[in-house]
file my_file.cif (mmCIF, C-alpha atoms and all ligand atoms)
data_target
loop_
_atom_site.label_atom_id
_atom_site.label_comp_id
_atom_site.auth_asym_id
_atom_site.auth_seq_id
_atom_site.Cartn_x
_atom_site.Cartn_y
_atom_site.Cartn_z
CA MET A 1 -8.65 7.57 -35.15
CA LYS A 2 -5.05 7.76 -33.96
CA SER A 3 -2.76 4.94 -35.07
CA ILE A 4 -0.53 3.01 -32.65
CA THR A 5 3.12 2.06 -33.06
CA ILE A 6 4.07 -1.11 -31.21
CA LYS A 7 7.25 -0.73 -29.16
CA ASP A 8 7.27 -3.89 -27.05
CA ILE A 9 5.30 -7.13 -26.54
CA GLN A 10 5.68 -9.33 -23.45
CA LEU A 11 4.09 -12.72 -22.72
CA HIS A 12 2.95 -13.90 -19.29
CA VAL A 13 1.86 -17.47 -18.55
CA VAL A 14 -0.43 -17.55 -15.56
CA SER A 15 -2.18 -20.13 -13.43
CA LEU A 16 -5.07 -19.28 -11.11
CA PRO A 17 -7.00 -21.59 -8.79
CA TYR A 18 -10.66 -21.93 -9.80
CA VAL A 19 -13.33 -21.21 -7.23
CA GLU A 20 -15.12 -24.15 -8.89
CA PRO A 21 -13.63 -26.19 -11.76
CA LEU A 22 -15.83 -27.01 -14.77
CA ARG A 23 -16.16 -30.70 -15.71
CA THR A 24 -17.00 -31.20 -19.39
CA SER A 25 -17.40 -34.33 -21.51
CA PHE A 26 -13.66 -34.12 -22.26
CA GLY A 27 -12.49 -33.72 -18.67
CA VAL A 28 -11.64 -31.12 -16.08
CA GLU A 29 -8.64 -28.87 -15.54
CA PRO A 30 -7.96 -28.10 -11.88
CA ASP A 31 -6.49 -24.64 -12.54
CA LYS A 32 -7.03 -21.84 -14.98
CA ALA A 33 -4.10 -21.43 -17.38
CA ALA A 34 -3.73 -18.54 -19.83
CA VAL A 35 -1.15 -16.76 -21.90
CA LEU A 36 -1.47 -13.00 -21.43
CA VAL A 37 -0.09 -10.57 -24.00
CA GLU A 38 1.13 -7.15 -22.80
CA LEU A 39 1.69 -4.63 -25.58
CA THR A 40 3.33 -1.23 -25.10
CA THR A 41 3.13 1.55 -27.67
CA ASP A 42 5.75 4.19 -28.43
CA THR A 43 3.59 6.71 -26.53
CA GLY A 44 3.61 4.55 -23.39
CA VAL A 45 0.08 3.14 -23.66
CA THR A 46 -0.32 -0.50 -22.53
CA GLY A 47 -2.86 -2.94 -23.99
CA TRP A 48 -3.62 -6.46 -22.74
CA GLY A 49 -4.97 -9.56 -24.45
CA GLU A 50 -5.63 -13.14 -23.37
CA ALA A 51 -5.15 -16.41 -25.21
CA PRO A 52 -7.61 -18.38 -23.02
CA ILE A 53 -5.74 -21.58 -23.67
CA GLU A 54 -5.96 -24.85 -21.76
CA VAL A 55 -3.12 -27.11 -20.65
CA ARG A 56 -4.32 -30.02 -22.78
CA PRO A 57 -5.63 -29.95 -26.37
CA GLY A 58 -9.14 -30.85 -25.12
CA TYR A 59 -11.45 -28.09 -26.34
CA GLY A 60 -9.21 -26.95 -29.16
CA SER A 61 -5.92 -28.15 -30.59
CA GLU A 62 -3.81 -25.43 -28.97
CA THR A 63 -2.11 -25.64 -25.58
CA VAL A 64 -0.19 -23.19 -23.41
CA ILE A 65 3.07 -24.38 -24.93
CA THR A 66 1.93 -24.17 -28.58
CA ALA A 67 0.58 -20.66 -27.94
CA MET A 68 3.88 -19.54 -26.37
CA HIS A 69 5.84 -21.04 -29.25
CA VAL A 70 3.74 -19.48 -32.01
CA LEU A 71 3.42 -16.09 -30.31
CA ASP A 72 7.10 -15.87 -29.47
CA GLU A 73 8.60 -17.12 -32.72
CA PHE A 74 6.06 -16.09 -35.35
CA ILE A 75 3.33 -13.68 -34.23
CA ILE A 76 5.32 -11.18 -32.16
CA PRO A 77 8.12 -10.67 -34.75
CA ARG A 78 5.48 -9.77 -37.37
CA LEU A 79 3.92 -7.10 -35.15
CA ASN A 80 6.79 -5.58 -33.19
CA GLY A 81 7.65 -2.11 -34.48
CA GLN A 82 4.57 -1.92 -36.73
CA THR A 83 2.40 1.16 -37.01
CA ILE A 84 -1.24 0.10 -37.07
CA GLU A 85 -3.98 2.43 -38.35
CA SER A 86 -6.79 -0.02 -37.50
CA PRO A 87 -6.99 -3.40 -35.72
CA PHE A 88 -8.32 -4.78 -39.02
CA GLU A 89 -4.69 -4.76 -40.23
CA VAL A 90 -3.65 -7.41 -37.69
CA PRO A 91 -5.12 -10.50 -39.45
CA ALA A 92 -3.45 -9.35 -42.67
CA LEU A 93 -0.06 -9.07 -40.90
CA LEU A 94 -0.54 -12.61 -39.55
CA LYS A 95 -1.82 -14.10 -42.80
CA SER A 96 1.23 -16.32 -43.32
CA ILE A 97 0.59 -18.08 -39.99
CA ARG A 98 -2.06 -20.77 -40.33
CA GLY A 99 -4.30 -21.81 -37.45
CA HIS A 100 -3.38 -21.00 -33.83
CA ASN A 101 -6.50 -18.87 -33.40
CA PHE A 102 -6.27 -18.63 -29.61
CA ALA A 103 -2.71 -17.30 -29.83
CA LYS A 104 -3.74 -14.83 -32.56
CA CYS A 105 -6.71 -13.66 -30.47
CA GLY A 106 -4.42 -12.92 -27.51
CA MET A 107 -2.28 -10.73 -29.72
CA GLU A 108 -5.16 -9.03 -31.54
CA THR A 109 -6.96 -8.25 -28.26
CA ALA A 110 -3.86 -6.47 -26.93
CA VAL A 111 -3.84 -4.36 -30.13
CA TRP A 112 -7.57 -3.53 -29.77
CA ASP A 113 -7.08 -2.57 -26.11
CA ALA A 114 -4.04 -0.35 -26.83
CA PHE A 115 -5.83 1.16 -29.84
CA ALA A 116 -8.97 1.97 -27.84
CA ARG A 117 -6.93 3.41 -24.93
CA THR A 118 -4.87 5.54 -27.32
CA ASN A 119 -8.11 6.95 -28.71
CA ASP A 120 -9.59 7.34 -25.21
CA MET A 121 -12.51 5.08 -26.13
CA ARG A 122 -14.07 2.09 -24.46
CA LEU A 123 -13.38 -1.15 -26.31
CA ALA A 124 -17.17 -1.58 -26.70
CA ASP A 125 -17.38 1.76 -28.56
CA CYS A 126 -14.32 0.90 -30.60
CA PHE A 127 -15.97 -2.36 -31.78
CA ALA A 128 -19.18 -0.45 -32.58
CA ALA A 129 -17.17 2.06 -34.64
CA TYR A 130 -16.52 -0.77 -37.14
CA LEU A 131 -20.21 -1.78 -37.37
CA PRO A 132 -23.09 -0.19 -39.29
CA ALA A 133 -24.96 2.68 -37.55
CA GLY A 134 -27.40 1.54 -34.89
CA HIS A 135 -25.06 -1.02 -33.36
CA GLU A 136 -23.89 1.06 -30.42
CA SER A 137 -23.09 -0.76 -27.15
CA ARG A 138 -26.01 -1.33 -24.77
CA ASN A 139 -23.48 -0.84 -21.91
CA VAL A 140 -24.43 -4.19 -20.38
CA ALA A 141 -24.11 -7.81 -21.47
CA THR A 142 -26.91 -10.26 -20.67
CA VAL A 143 -25.34 -13.39 -19.23
CA GLY A 144 -25.99 -16.88 -17.92
CA VAL A 145 -23.87 -19.50 -16.22
CA SER A 146 -22.27 -22.75 -17.37
CA ILE A 147 -22.46 -25.63 -14.87
CA GLY A 148 -20.13 -28.61 -15.08
CA ILE A 149 -20.99 -32.31 -14.81
CA GLN A 150 -21.93 -33.09 -11.18
CA PRO A 151 -21.95 -36.48 -9.41
CA THR A 152 -25.78 -36.65 -9.14
CA ILE A 153 -28.97 -34.99 -10.35
CA GLU A 154 -29.61 -33.75 -6.78
CA ASP A 155 -26.21 -32.06 -6.75
CA THR A 156 -27.04 -30.47 -10.10
CA VAL A 157 -30.40 -29.16 -8.87
CA ALA A 158 -28.65 -27.71 -5.80
CA ILE A 159 -26.06 -25.83 -7.82
CA ILE A 160 -28.67 -24.56 -10.29
CA GLN A 161 -30.71 -23.28 -7.34
CA LYS A 162 -27.64 -21.50 -5.98
CA ARG A 163 -27.06 -19.82 -9.36
CA LEU A 164 -30.72 -18.82 -9.69
CA ASN A 165 -30.55 -17.31 -6.21
CA GLN A 166 -27.49 -15.32 -7.29
CA GLY A 167 -29.57 -13.89 -10.15
CA TYR A 168 -28.51 -15.90 -13.22
CA GLN A 169 -31.48 -16.31 -15.54
CA ARG A 170 -30.05 -18.82 -18.05
CA ILE A 171 -28.58 -22.15 -17.04
CA LYS A 172 -26.28 -24.23 -19.25
CA LEU A 173 -25.49 -27.78 -18.19
CA LYS A 174 -22.62 -29.84 -19.50
CA ILE A 175 -23.69 -33.29 -20.69
CA LYS A 176 -21.92 -36.41 -21.97
CA ARG A 177 -22.90 -39.90 -23.09
CA GLY A 178 -24.83 -41.53 -20.26
CA TRP A 179 -25.49 -38.16 -18.56
CA ASP A 180 -28.15 -36.51 -20.69
CA VAL A 181 -31.82 -37.54 -20.99
CA GLU A 182 -32.28 -38.59 -17.35
CA LEU A 183 -30.46 -35.46 -16.25
CA ALA A 184 -32.76 -33.24 -18.33
CA ARG A 185 -35.82 -35.12 -17.04
CA GLY A 186 -34.68 -34.73 -13.43
CA ILE A 187 -33.96 -31.03 -13.79
CA ARG A 188 -37.26 -30.32 -15.53
CA ALA A 189 -39.15 -32.20 -12.80
CA ALA A 190 -37.55 -29.98 -10.15
CA LEU A 191 -37.38 -26.71 -12.12
CA PRO A 192 -39.99 -26.76 -14.90
CA ASP A 193 -39.73 -23.11 -15.96
CA ILE A 194 -36.05 -22.17 -15.99
CA THR A 195 -34.29 -21.19 -19.20
CA LEU A 196 -32.19 -24.30 -19.75
CA MET A 197 -29.71 -25.48 -22.39
CA LEU A 198 -27.22 -28.32 -22.71
CA ASP A 199 -23.64 -28.46 -24.02
CA ALA A 200 -22.23 -31.82 -25.19
CA ASN A 201 -18.75 -30.66 -26.24
CA SER A 202 -18.76 -33.13 -29.17
CA ASP A 203 -19.42 -36.33 -27.23
CA TYR A 204 -21.98 -37.87 -29.64
CA THR A 205 -22.14 -39.29 -33.15
CA LEU A 206 -24.92 -39.22 -35.73
CA ALA A 207 -25.81 -42.76 -34.65
CA ASP A 208 -27.10 -41.18 -31.40
CA ALA A 209 -29.75 -39.12 -33.25
CA ASP A 210 -32.74 -41.08 -31.89
CA HIS A 211 -31.36 -40.88 -28.38
CA LEU A 212 -30.75 -37.14 -28.65
CA ALA A 213 -34.26 -36.61 -30.08
CA GLN A 214 -35.63 -37.55 -26.64
CA LEU A 215 -34.27 -34.20 -25.45
CA ASP A 216 -36.99 -32.50 -27.54
CA ASP A 217 -39.40 -33.18 -24.64
CA PHE A 218 -37.66 -30.79 -22.25
CA ASN A 219 -38.18 -27.34 -23.76
CA LEU A 220 -34.46 -26.64 -24.15
CA LEU A 221 -33.25 -23.30 -25.47
CA MET A 222 -30.66 -25.21 -27.52
CA ILE A 223 -28.20 -28.09 -27.55
CA GLU A 224 -24.63 -26.99 -28.08
CA GLN A 225 -22.10 -28.92 -30.21
CA PRO A 226 -23.48 -32.47 -29.96
CA LEU A 227 -21.25 -33.93 -32.70
CA ALA A 228 -17.56 -33.86 -33.62
CA TYR A 229 -15.51 -30.72 -32.98
CA ASN A 230 -14.54 -30.53 -36.65
CA ASP A 231 -17.87 -31.53 -38.21
CA ILE A 232 -20.45 -29.33 -39.87
CA TYR A 233 -22.03 -31.79 -42.34
CA GLU A 234 -23.36 -34.35 -39.85
CA HIS A 235 -24.80 -31.60 -37.65
CA SER A 236 -27.06 -30.73 -40.62
CA LYS A 237 -28.26 -34.34 -40.68
CA LEU A 238 -28.86 -34.28 -36.94
CA GLN A 239 -30.65 -30.89 -36.95
CA ALA A 240 -33.12 -32.31 -39.49
CA GLN A 241 -34.06 -34.93 -36.87
CA LEU A 242 -34.29 -32.61 -33.84
CA LYS A 243 -36.80 -29.92 -32.86
CA THR A 244 -34.33 -28.52 -30.33
CA PRO A 245 -32.13 -25.92 -32.05
CA ILE A 246 -28.51 -26.93 -32.48
CA CYS A 247 -25.95 -24.29 -31.52
CA LEU A 248 -22.47 -24.75 -32.93
CA ASP A 249 -19.41 -23.95 -30.85
CA GLU A 250 -16.20 -25.91 -31.60
CA SER A 251 -16.73 -26.38 -35.34
CA VAL A 252 -17.15 -22.75 -36.42
CA LYS A 253 -13.62 -21.35 -36.82
CA ASN A 254 -14.36 -18.45 -39.19
CA VAL A 255 -17.18 -16.62 -40.97
CA ASN A 256 -17.19 -19.04 -43.91
CA ASP A 257 -17.74 -22.01 -41.60
CA LEU A 258 -20.85 -20.22 -40.36
CA LYS A 259 -22.03 -19.45 -43.91
CA LEU A 260 -21.74 -23.15 -44.72
CA ALA A 261 -23.43 -24.23 -41.49
CA LEU A 262 -26.39 -21.89 -42.06
CA GLU A 263 -26.75 -22.80 -45.73
CA ILE A 264 -26.95 -26.54 -45.04
CA GLY A 265 -28.97 -26.21 -41.81
CA ALA A 266 -26.27 -27.47 -39.45
CA CYS A 267 -27.22 -24.99 -36.71
CA LYS A 268 -29.82 -22.37 -35.85
CA ILE A 269 -27.78 -20.52 -33.22
CA LEU A 270 -24.10 -19.62 -32.83
CA ASN A 271 -21.87 -19.60 -29.78
CA LEU A 272 -19.14 -17.14 -30.81
CA LYS A 273 -15.90 -17.41 -28.86
CA PRO A 274 -13.62 -14.67 -30.15
CA ALA A 275 -10.54 -16.82 -29.34
CA ARG A 276 -11.84 -19.73 -31.41
CA VAL A 277 -12.14 -17.55 -34.52
CA GLY A 278 -8.79 -15.76 -34.04
CA GLY A 279 -10.00 -12.47 -32.56
CA TYR A 280 -12.47 -9.61 -32.79
CA VAL A 281 -11.96 -8.75 -36.46
CA GLU A 282 -13.30 -12.17 -37.50
CA SER A 283 -15.87 -11.89 -34.68
CA LEU A 284 -17.21 -8.65 -36.20
CA LYS A 285 -17.59 -10.38 -39.59
CA ILE A 286 -19.50 -13.20 -37.91
CA TYR A 287 -21.60 -10.66 -36.00
CA ASN A 288 -22.57 -8.97 -39.27
CA LEU A 289 -23.51 -12.30 -40.86
CA CYS A 290 -25.71 -13.16 -37.87
CA VAL A 291 -27.44 -9.77 -38.10
CA GLU A 292 -27.99 -10.16 -41.89
CA THR A 293 -29.36 -13.70 -41.57
CA GLY A 294 -31.31 -13.16 -38.33
CA THR A 295 -29.24 -15.85 -36.61
CA PRO A 296 -29.39 -15.73 -32.80
CA LEU A 297 -25.90 -15.07 -31.46
CA TRP A 298 -24.25 -15.22 -28.04
CA ILE A 299 -20.72 -14.99 -26.74
CA GLY A 300 -19.22 -18.13 -25.22
CA GLY A 301 -16.51 -18.34 -22.61
CA MET A 302 -13.28 -20.19 -21.91
CA LEU A 303 -13.26 -19.42 -18.18
CA GLU A 304 -11.19 -16.33 -19.01
CA THR A 305 -9.28 -14.20 -16.54
CA GLY A 306 -10.49 -10.61 -16.23
CA VAL A 307 -8.40 -9.67 -19.28
CA GLY A 308 -10.38 -11.88 -21.67
CA ARG A 309 -13.64 -11.44 -19.77
CA ALA A 310 -13.52 -7.64 -20.14
CA ALA A 311 -13.02 -7.81 -23.92
CA ASN A 312 -15.75 -10.42 -24.31
CA THR A 313 -18.15 -8.39 -22.14
CA ALA A 314 -17.51 -5.34 -24.33
CA PHE A 315 -18.33 -7.38 -27.45
CA ALA A 316 -21.34 -9.02 -25.79
CA SER A 317 -22.82 -5.56 -25.10
CA LEU A 318 -23.39 -5.04 -28.85
CA PRO A 319 -27.07 -5.31 -29.80
CA GLY A 320 -26.64 -8.10 -32.37
CA VAL A 321 -25.69 -10.44 -29.51
CA THR A 322 -29.24 -11.57 -28.87
CA LEU A 323 -29.03 -14.45 -26.38
CA PRO A 324 -27.50 -14.66 -22.87
CA CYS A 325 -23.73 -15.18 -22.90
CA ASP A 326 -21.40 -17.56 -21.02
CA ILE A 327 -19.72 -14.68 -19.22
CA SER A 328 -20.40 -14.92 -15.52
CA ALA A 329 -19.38 -12.66 -12.64
CA THR A 330 -15.76 -12.76 -11.43
CA ASP A 331 -16.67 -14.58 -8.19
CA ARG A 332 -17.90 -17.60 -10.16
CA TYR A 333 -14.33 -18.15 -11.38
CA PHE A 334 -11.57 -16.60 -9.23
CA ASP A 335 -11.00 -15.10 -5.80
CA PRO A 336 -9.34 -12.82 -6.60
CA ASP A 337 -8.95 -12.38 -10.36
CA ILE A 338 -5.82 -10.63 -11.66
CA THR A 339 -7.76 -7.53 -12.79
CA GLU A 340 -9.77 -4.81 -11.07
CA PRO A 341 -12.60 -3.91 -10.88
CA PRO A 342 -14.35 -7.29 -10.67
CA PHE A 343 -17.43 -8.07 -12.78
CA VAL A 344 -20.48 -8.24 -10.53
CA LEU A 345 -23.87 -9.64 -11.55
CA GLY A 346 -26.35 -6.78 -11.94
CA PRO A 347 -30.11 -6.60 -12.45
CA ASP A 348 -31.76 -8.89 -15.02
CA SER A 349 -28.75 -11.22 -15.23
CA THR A 350 -26.37 -8.62 -16.68
CA LEU A 351 -22.75 -7.52 -16.37
CA ALA A 352 -21.98 -3.84 -16.85
CA VAL A 353 -19.31 -2.73 -19.32
CA PRO A 354 -16.74 -0.82 -17.23
CA ASP A 355 -16.51 2.93 -17.86
CA GLY A 356 -12.74 3.19 -18.34
CA ALA A 357 -10.94 3.42 -21.68
CA GLY A 358 -10.00 0.21 -23.50
CA SER A 359 -11.16 -2.96 -21.75
CA GLY A 360 -11.87 -0.85 -18.64
CA VAL A 361 -10.03 -3.23 -16.30
CA GLU A 362 -6.47 -2.97 -14.98
CA VAL A 363 -4.07 -5.86 -14.42
CA GLN A 364 -2.84 -5.91 -10.80
CA THR A 365 0.95 -6.25 -10.87
CA ASP A 366 1.22 -8.17 -7.59
CA ARG A 367 -1.48 -10.69 -8.56
CA LEU A 368 0.08 -11.13 -11.99
CA ALA A 369 3.41 -11.98 -10.33
CA ASP A 370 1.67 -14.48 -8.02
CA ALA A 371 -0.16 -16.13 -10.95
CA LYS A 372 3.08 -16.43 -12.93
CA ALA A 373 4.87 -17.96 -9.96
CA ARG A 374 1.96 -20.37 -9.53
CA TRP A 375 2.31 -21.52 -13.13
CA GLN A 376 6.03 -22.08 -12.66
CA ALA A 377 5.48 -24.02 -9.45
CA THR A 378 2.51 -26.12 -10.58
CA TYR A 379 3.36 -27.24 -14.06
CA PRO A 380 6.41 -29.36 -14.84
CA TYR A 381 7.73 -29.54 -18.37
CA LYS A 382 5.54 -32.54 -19.13
CA GLN A 383 2.28 -30.80 -18.38
CA SER A 384 0.12 -33.85 -18.92
CA GLU A 385 1.71 -35.28 -15.73
CA ALA A 386 0.09 -32.49 -13.76
CA ILE A 387 -3.45 -33.09 -14.98
CA SER A 388 -3.87 -36.82 -15.65
O1 LIG B 1 -17.81 -25.54 -24.51
O2 LIG B 1 -18.43 -23.62 -23.87
C1 LIG B 1 -17.66 -24.59 -23.75
C2 LIG B 1 -15.18 -23.87 -20.91
C3 LIG B 1 -14.07 -24.54 -21.36
C4 LIG B 1 -14.14 -25.25 -22.54
C5 LIG B 1 -15.34 -25.28 -23.28
C6 LIG B 1 -16.45 -24.59 -22.83
C7 LIG B 1 -16.39 -23.90 -21.62
C8 LIG B 1 -17.53 -23.21 -21.01
C9 LIG B 1 -17.18 -22.07 -20.09
O3 LIG B 1 -18.67 -23.60 -21.09
C10 LIG B 1 -18.14 -20.97 -19.98
C11 LIG B 1 -17.57 -19.84 -19.15
O4 LIG B 1 -16.49 -19.31 -19.47
O5 LIG B 1 -18.20 -19.51 -18.13
MG MG B 2 -19.45 -25.22 -25.78
#
call {"tool": "encode", "arguments": {"input": "my_file.cif", "output": "structure tokens"}}
result
Amino acid sequence: MKSITIKDIQLHVVSLPYVEPLRTSFGVEPDKAAVLVELTTDTGVTGWGEAPIEVRPGYGSETVITAMHVLDEFIIPRLNGQTIESPFEVPALLKSIRGHNFAKCGMETAVWDAFARTNDMRLADCFAAYLPAGHESRNVATVGVSIGIQPTIEDTVAIIQKRLNQGYQRIKLKIKRGWDVELARGIRAALPDITLMLDANSDYTLADADHLAQLDDFNLLMIEQPLAYNDIYEHSKLQAQLKTPICLDESVKNVNDLKLALEIGACKILNLKPARVGGYVESLKIYNLCVETGTPLWIGGMLETGVGRAANTAFASLPGVTLPCDISATDRYFDPDITEPPFVLGPDSTLAVPDGAGSGVEVQTDRLADAKARWQATYPYKQSEAIS
């Protein structure tokens, strides 16, 4: 494969209005925020990446401002001017920077995109080139939809019905303390046969084990991240008391976290968010571990713009991703998104991998400018004032 030499890296902070915000156990953000990384090579090829950051340190510890700081002052200087033979060199170049996985993922994704475009390959085929034979892209990703906390069970049934009518075949509901067992009972009474899972975003403690065990009655595909965002140990104690498989999200930050979790029985399924683990190089290591251990794997989402969604869809098209992913069609998130073409839900709850080289989507300059202006206008220096 042809190497790339990085000539320039630009950052863009954007804000987009959500078609429908997502309320989780830790709150709701009214707008989508992201830091986009635009990389240009010495041959004039452009690659894009997204750090799908949030304004507050709610899901992870990073925020828009920490990502800007670390990208600008530490990550970009280590990559600018470098000649890269393979995207696998990026984590090594960033080794002296600890943490900040979302920021690193934004940078690494831009490298992958520029690398794939330089080699006139789709990103999906570029990922597969670093996997054992037989792991070629299926050209589609099987997806579901994540539904936020609603005011009532009736409202929840109505929105699930709308998503089923649109063609989504796997429903994930956000839960929190006090909004769990009765919710599951109500949904199962109305919709006994749907493929249903719950995501707690770390709202419970091990003392809630008996309460959570009541969820075993509702034929759930899995329960995602019931306990602390930084815990693996107590999840193993909880899994021993539940029939419902636990899926880890927040607490798996690298391949070794997953090795530990599997060895002690802390989860049976993994939600892999490439941003959470620092990018697609670490994601490929995790993918291989899941294949070797027979661990069901799916790709999670952070309500990405089209930039992050395209890269995640490419990864989700690999055959070792065995369960439906949290990557929904563009119209579930933004109208319009900043990239073209949009992702449209296809047959059997799938999104197609675009045909074009790299991520296969193109950032629209006018919409990027609007989204940057929106960030400037919406968020004052003290960003918490804008969301509290
Ligand atoms: O826990 O999976 C989560 C969004 C923001 C923060 C955390 C989570 C989510 C999602 C979004 O569930 C899924 C999507 O991108 O559609
Ligand atoms: Mg989750």
call {"tool": "residues_around", "arguments": {"input": "my_file.cif", "residues": "range 269-275 of chain A", "least_positions_apart": "6", "cutoff": "10 Å", "atoms": "only C-alpha atoms", "output": "VMD selection string"}}
result
chain A and resid 50 to 53 100 to 106 108 to 109 221 to 225 245 to 250 252 to 254 258 261 to 262 281 to 284 286 to 287 290 294 to 302 308 311 to 312 315 to 316 321 323 325 to 326
call {"tool": "residues_near_ligand", "arguments": {"input": "my_file.cif", "ligand": "ligand LIG 1 (chain B)", "cutoff": "9 Å", "atoms": "all atoms listed in the file", "output": "MDAnalysis selection string"}}
result
chainID A and resid 22:24 26 28 54 58:60 144:148 172:174 199:202 224:225 249:250 271 273 300:304 309 325:329 332:333
call {"tool": "closest_residue", "arguments": {"input": "my_file.cif", "among": "A:Arg78, A:Asp31, A:Arg276, A:Met1", "to": "Asn119 in chain A", "atoms": "all atoms listed in the file"}}
result
A:Met1
call {"tool": "residues_around", "arguments": {"input": "my_file.cif", "residues": "His235 in chain A", "least_positions_apart": "5", "cutoff": "10 Å", "atoms": "only C-alpha atoms", "output": "list of chain:residue names"}}
result
A:Thr205, A:Leu206, A:Gln225, A:Pro226, A:Leu227, A:Ala228, A:Ala240, A:Gln241, A:Ile246, A:Cys247, A:Leu248, A:Ser251, A:Ala261, A:Ile264, A:Gly265, A:Ala266, A:Cys267
call {"tool": "closest_residue", "arguments": {"input": "my_file.cif", "among": "A:Asp125, A:Glu38, A:Asp337, A:Asp203", "to": "ligand MG 2 (chain B)", "atoms": "only C-alpha atoms and all ligand atoms"}}
result
A:Asp203
call {"tool": "residues_around", "arguments": {"input": "my_file.cif", "residues": "Asp42 in chain A", "least_positions_apart": "4", "cutoff": "10 Å", "atoms": "only C-alpha atoms", "output": "PDB file with C-alpha atoms, in the frame of the given file"}}
result
ATOM      1  CA  ILE A   4      -0.530   3.010 -32.650  1.00  0.00           C
ATOM      2  CA  THR A   5       3.120   2.060 -33.060  1.00  0.00           C
ATOM      3  CA  ILE A   6       4.070  -1.110 -31.210  1.00  0.00           C
ATOM      4  CA  LYS A   7       7.250  -0.730 -29.160  1.00  0.00           C
ATOM      5  CA  ASP A   8       7.270  -3.890 -27.050  1.00  0.00           C
ATOM      6  CA  THR A  46      -0.320  -0.500 -22.530  1.00  0.00           C
ATOM      7  CA  GLY A  81       7.650  -2.110 -34.480  1.00  0.00           C
ATOM      8  CA  THR A  83       2.400   1.160 -37.010  1.00  0.00           C
TER       9      THR A  83
END
call {"tool": "residues_around", "arguments": {"input": "my_file.cif", "residues": "Ile338 in chain A", "least_positions_apart": "4", "cutoff": "12 Å", "atoms": "only C-alpha atoms", "output": "ChimeraX atom specification"}}
result
/A:14-17,32,34,36,50,304-310,330,333-334,342-343,361-372
call {"tool": "write_last_selection", "arguments": {"input": "my_file.cif", "atoms": "C-alpha atoms", "output": "PDB file, in the frame of the given file"}}
result
ATOM      1  CA  VAL A  14      -0.430 -17.550 -15.560  1.00  0.00           C
ATOM      2  CA  SER A  15      -2.180 -20.130 -13.430  1.00  0.00           C
ATOM      3  CA  LEU A  16      -5.070 -19.280 -11.110  1.00  0.00           C
ATOM      4  CA  PRO A  17      -7.000 -21.590  -8.790  1.00  0.00           C
ATOM      5  CA  LYS A  32      -7.030 -21.840 -14.980  1.00  0.00           C
ATOM      6  CA  ALA A  34      -3.730 -18.540 -19.830  1.00  0.00           C
ATOM      7  CA  LEU A  36      -1.470 -13.000 -21.430  1.00  0.00           C
ATOM      8  CA  GLU A  50      -5.630 -13.140 -23.370  1.00  0.00           C
ATOM      9  CA  GLU A 304     -11.190 -16.330 -19.010  1.00  0.00           C
ATOM     10  CA  THR A 305      -9.280 -14.200 -16.540  1.00  0.00           C
ATOM     11  CA  GLY A 306     -10.490 -10.610 -16.230  1.00  0.00           C
ATOM     12  CA  VAL A 307      -8.400  -9.670 -19.280  1.00  0.00           C
ATOM     13  CA  GLY A 308     -10.380 -11.880 -21.670  1.00  0.00           C
ATOM     14  CA  ARG A 309     -13.640 -11.440 -19.770  1.00  0.00           C
ATOM     15  CA  ALA A 310     -13.520  -7.640 -20.140  1.00  0.00           C
ATOM     16  CA  THR A 330     -15.760 -12.760 -11.430  1.00  0.00           C
ATOM     17  CA  TYR A 333     -14.330 -18.150 -11.380  1.00  0.00           C
ATOM     18  CA  PHE A 334     -11.570 -16.600  -9.230  1.00  0.00           C
ATOM     19  CA  PRO A 342     -14.350  -7.290 -10.670  1.00  0.00           C
ATOM     20  CA  PHE A 343     -17.430  -8.070 -12.780  1.00  0.00           C
ATOM     21  CA  VAL A 361     -10.030  -3.230 -16.300  1.00  0.00           C
ATOM     22  CA  GLU A 362      -6.470  -2.970 -14.980  1.00  0.00           C
ATOM     23  CA  VAL A 363      -4.070  -5.860 -14.420  1.00  0.00           C
ATOM     24  CA  GLN A 364      -2.840  -5.910 -10.800  1.00  0.00           C
ATOM     25  CA  THR A 365       0.950  -6.250 -10.870  1.00  0.00           C
ATOM     26  CA  ASP A 366       1.220  -8.170  -7.590  1.00  0.00           C
ATOM     27  CA  ARG A 367      -1.480 -10.690  -8.560  1.00  0.00           C
ATOM     28  CA  LEU A 368       0.080 -11.130 -11.990  1.00  0.00           C
ATOM     29  CA  ALA A 369       3.410 -11.980 -10.330  1.00  0.00           C
ATOM     30  CA  ASP A 370       1.670 -14.480  -8.020  1.00  0.00           C
ATOM     31  CA  ALA A 371      -0.160 -16.130 -10.950  1.00  0.00           C
ATOM     32  CA  LYS A 372       3.080 -16.430 -12.930  1.00  0.00           C
TER      33      LYS A 372
END
call {"tool": "closest_residue", "arguments": {"input": "my_file.cif", "among": "A:Leu198, A:Met107, A:Ile160, A:Ala207", "to": "ligand MG 2 (chain B)", "atoms": "all atoms listed in the file"}}
result
A:Leu198
call {"tool": "atom_distance", "arguments": {"input": "my_file.cif", "atom1": "CA of Arg185 in chain A", "atom2": "CA of Asp216 in chain A"}}
result
10.9 Å
call {"tool": "closest_residue", "arguments": {"input": "my_file.cif", "among": "A:Trp179, A:Tyr229, A:Phe74, A:Phe127", "to": "ligand MG 2 (chain B)", "atoms": "all atoms listed in the file"}}
result
A:Tyr229
call {"tool": "closest_residue", "arguments": {"input": "my_file.cif", "among": "A:Thr43, A:Val19, A:Glu182, A:Ile175", "to": "ligand MG 2 (chain B)", "atoms": "all atoms listed in the file"}}
result
A:Ile175
call {"tool": "residues_near_point", "arguments": {"input": "my_file.cif", "point": "(-0.2, -7.1, -41.2)", "cutoff": "10 Å", "atoms": "all atoms listed in the file", "output": "list in words"}}
result
Arg78, Leu79, Gln82, Thr83, Ile84, Pro87, Phe88, Glu89, Val90, Pro91, Ala92, Leu93, Leu94, Lys95 and Ser96 of chain A
